[in-house]
Amino acid sequence: MIKSRQQIILGWLERAGAGTYQELATVLRVSTMTVRREVDELNSRGLIIKTLGGVQRADAPAVLMESAIHGRMSRNRPEKQSIARAALALLENEQTLFLDGSTTSLELAKLIARRLRGVTIVTSSSLVAMELGSNRNNKVIGLGGELDHDSRCYVGAATEEMADRLYVDMALISTMGFLPAEGTFESSVANFRVKQIIARHAKTVALLVDHSKFGQRALAKVLDISQIHCVVTDAGAPESDLQELANLQVRVVREMNSEGNANVA
């Protein structure tokens, strides 16, 4: 029989994917020693996997705990899941897509793997490729190159050269910062070149951006607002920024209700 604390741990890991003992201690309001005892029992039953300094759900990619991307996995996760559901409503079977290596794209990849068939997905992310490769319903094309250990994305000249040869129906791209009057911003130079190349080759560019990214700048400008056809965001996005996007004739999509229906402006 699974104890109530263990049920909480399993539920939390289902949402976050992975976490540290300290994070779980905060959630449960107990000591890390108590958490370790509960984790040991769950691990012995094969319900979770222990990692260095923490745990992950049994079906999570083993690389998550050791990469910097893990630190972003649980941040605004409900909003990212909402954005992924809204973005899924824009997609159809038989399309060609690009997904970047963001945690929001990772949430979307899970939905695509379960819901769509006959889709061809191009990605520079090893994690997104692993999620999409969980079944044979769709074709996955990975942009090879040098692996960036922080993002688990392939970067560099070889990656960019391959990206420059491909054309997709829709590019679903995330960002570190977004100013509706200007465009998107990133701090990782190694990763944003691929986004720029793919955006030039896509029929439609959809920006996946949660409310916390609005009004933020980062090191470098990546995409101009004129390159973005659709913004997919969550219910917490600033209304003033959404109005500015409407004035610029940029389509806005949000999942607004418990039934998972998307609101399109």
# chains A, B, ... in the order shown; residues from 1 in each chain; ligands from 1
>>> residues_around(residues="range 225-227 of chain A", least_positions_apart="5", cutoff="10 Å", atoms="only C-alpha atoms", output="PyMOL selection string")
chain A and resi 178-184+196+199-200+202+204-207+245+248-250
>>> select_by_dssp(residues="range 117-264 of chain A", states="strand (DSSP E)", output="mmCIF file with C-alpha atoms, in the first residue's frame")
data_model
loop_
_atom_site.group_PDB
_atom_site.id
_atom_site.type_symbol
_atom_site.label_atom_id
_atom_site.label_comp_id
_atom_site.auth_asym_id
_atom_site.auth_seq_id
_atom_site.Cartn_x
_atom_site.Cartn_y
_atom_site.Cartn_z
ATOM 1 C CA THR A 120 7.458 14.952 -39.164
ATOM 2 C CA ILE A 121 9.225 16.844 -36.381
ATOM 3 C CA VAL A 122 12.610 18.508 -36.731
ATOM 4 C CA THR A 123 14.406 19.299 -33.478
ATOM 5 C CA LYS A 139 8.986 10.769 -37.856
ATOM 6 C CA VAL A 140 11.697 12.574 -35.872
ATOM 7 C CA ILE A 141 14.624 14.346 -37.556
ATOM 8 C CA GLY A 142 17.409 15.402 -35.218
ATOM 9 C CA GLU A 146 27.977 19.366 -30.900
ATOM 10 C CA LEU A 147 25.928 18.639 -27.767
ATOM 11 C CA ASP A 148 25.428 21.601 -25.443
ATOM 12 C CA CYS A 153 20.601 20.635 -27.607
ATOM 13 C CA TYR A 154 22.879 20.168 -30.590
ATOM 14 C CA VAL A 155 24.616 23.371 -31.638
ATOM 15 C CA VAL A 168 8.755 23.229 -42.147
ATOM 16 C CA ASP A 169 5.068 24.102 -42.044
ATOM 17 C CA MET A 170 5.307 25.480 -38.508
ATOM 18 C CA ALA A 171 8.177 26.349 -36.198
ATOM 19 C CA LEU A 172 7.257 26.299 -32.505
ATOM 20 C CA ILE A 173 9.888 28.381 -30.767
ATOM 21 C CA SER A 174 10.346 29.566 -27.189
ATOM 22 C CA GLY A 177 12.576 37.331 -23.059
ATOM 23 C CA PHE A 178 9.810 38.909 -25.114
ATOM 24 C CA LEU A 179 8.880 42.504 -25.892
ATOM 25 C CA GLY A 183 10.590 40.548 -30.597
ATOM 26 C CA THR A 184 12.418 37.770 -28.753
ATOM 27 C CA PHE A 185 15.675 37.726 -26.792
ATOM 28 C CA GLU A 186 18.071 34.967 -25.710
ATOM 29 C CA ALA A 202 9.003 28.152 -41.762
ATOM 30 C CA LYS A 203 5.622 28.956 -43.292
ATOM 31 C CA THR A 204 4.386 29.875 -39.814
ATOM 32 C CA VAL A 205 6.292 30.793 -36.649
ATOM 33 C CA ALA A 206 4.485 30.239 -33.343
ATOM 34 C CA LEU A 207 6.091 31.671 -30.223
ATOM 35 C CA LEU A 208 5.525 29.635 -27.048
ATOM 36 C CA ALA A 220 20.790 39.216 -27.856
ATOM 37 C CA LYS A 221 17.838 39.928 -30.116
ATOM 38 C CA VAL A 222 16.773 36.745 -31.925
ATOM 39 C CA LEU A 223 13.493 37.190 -33.808
ATOM 40 C CA ASP A 224 11.810 40.372 -34.881
ATOM 41 C CA CYS A 230 1.224 33.554 -33.586
ATOM 42 C CA VAL A 231 1.901 33.882 -29.854
ATOM 43 C CA VAL A 232 0.794 31.004 -27.627
ATOM 44 C CA THR A 233 0.733 32.005 -23.970
ATOM 45 C CA ARG A 251 -2.572 36.126 -33.495
ATOM 46 C CA VAL A 252 -2.746 35.242 -29.784
ATOM 47 C CA VAL A 253 -3.797 31.790 -28.521
ATOM 48 C CA ARG A 254 -4.415 30.922 -24.878
ATOM 49 C CA GLU A 255 -5.930 27.933 -23.111
ATOM 50 C CA ALA A 262 -8.124 27.452 -26.618
ATOM 51 C CA ASN A 263 -9.051 31.115 -26.735
ATOM 52 C CA VAL A 264 -7.923 32.734 -29.963
#
>>> residues_around(residues="range 28-41 of chain A", least_positions_apart="5", cutoff="8 Å", atoms="only C-alpha atoms", output="ChimeraX atom specification")
/A:5-6,8,21-22,48,50,55
>>> write_last_selection(atoms="N, CA and C atoms", output="compact mmCIF listing (two decimals), in the first residue's frame")
# COMPACT_ATOMS: atom_id res chain seq x y z
N ARG A 5 2.31 10.20 2.09
CA ARG A 5 3.50 10.96 1.70
C ARG A 5 4.04 10.47 0.36
N GLN A 6 4.03 9.17 0.18
CA GLN A 6 4.53 8.61 -1.08
C GLN A 6 3.63 8.99 -2.24
N ILE A 8 2.03 11.78 -2.45
CA ILE A 8 2.38 13.17 -2.73
C ILE A 8 3.66 13.24 -3.55
N TYR A 21 16.00 16.21 -2.88
CA TYR A 21 15.44 15.86 -1.58
C TYR A 21 14.95 17.10 -0.85
N GLN A 22 15.66 18.20 -1.00
CA GLN A 22 15.27 19.43 -0.32
C GLN A 22 13.94 19.95 -0.84
N ILE A 48 9.98 4.92 -8.62
CA ILE A 48 10.80 6.10 -8.93
C ILE A 48 12.23 5.65 -9.16
N LYS A 50 16.20 6.81 -8.10
CA LYS A 50 17.08 7.68 -7.31
C LYS A 50 18.22 8.18 -8.18
N VAL A 55 15.61 12.58 -6.89
CA VAL A 55 14.84 11.49 -7.49
C VAL A 55 14.22 11.97 -8.79
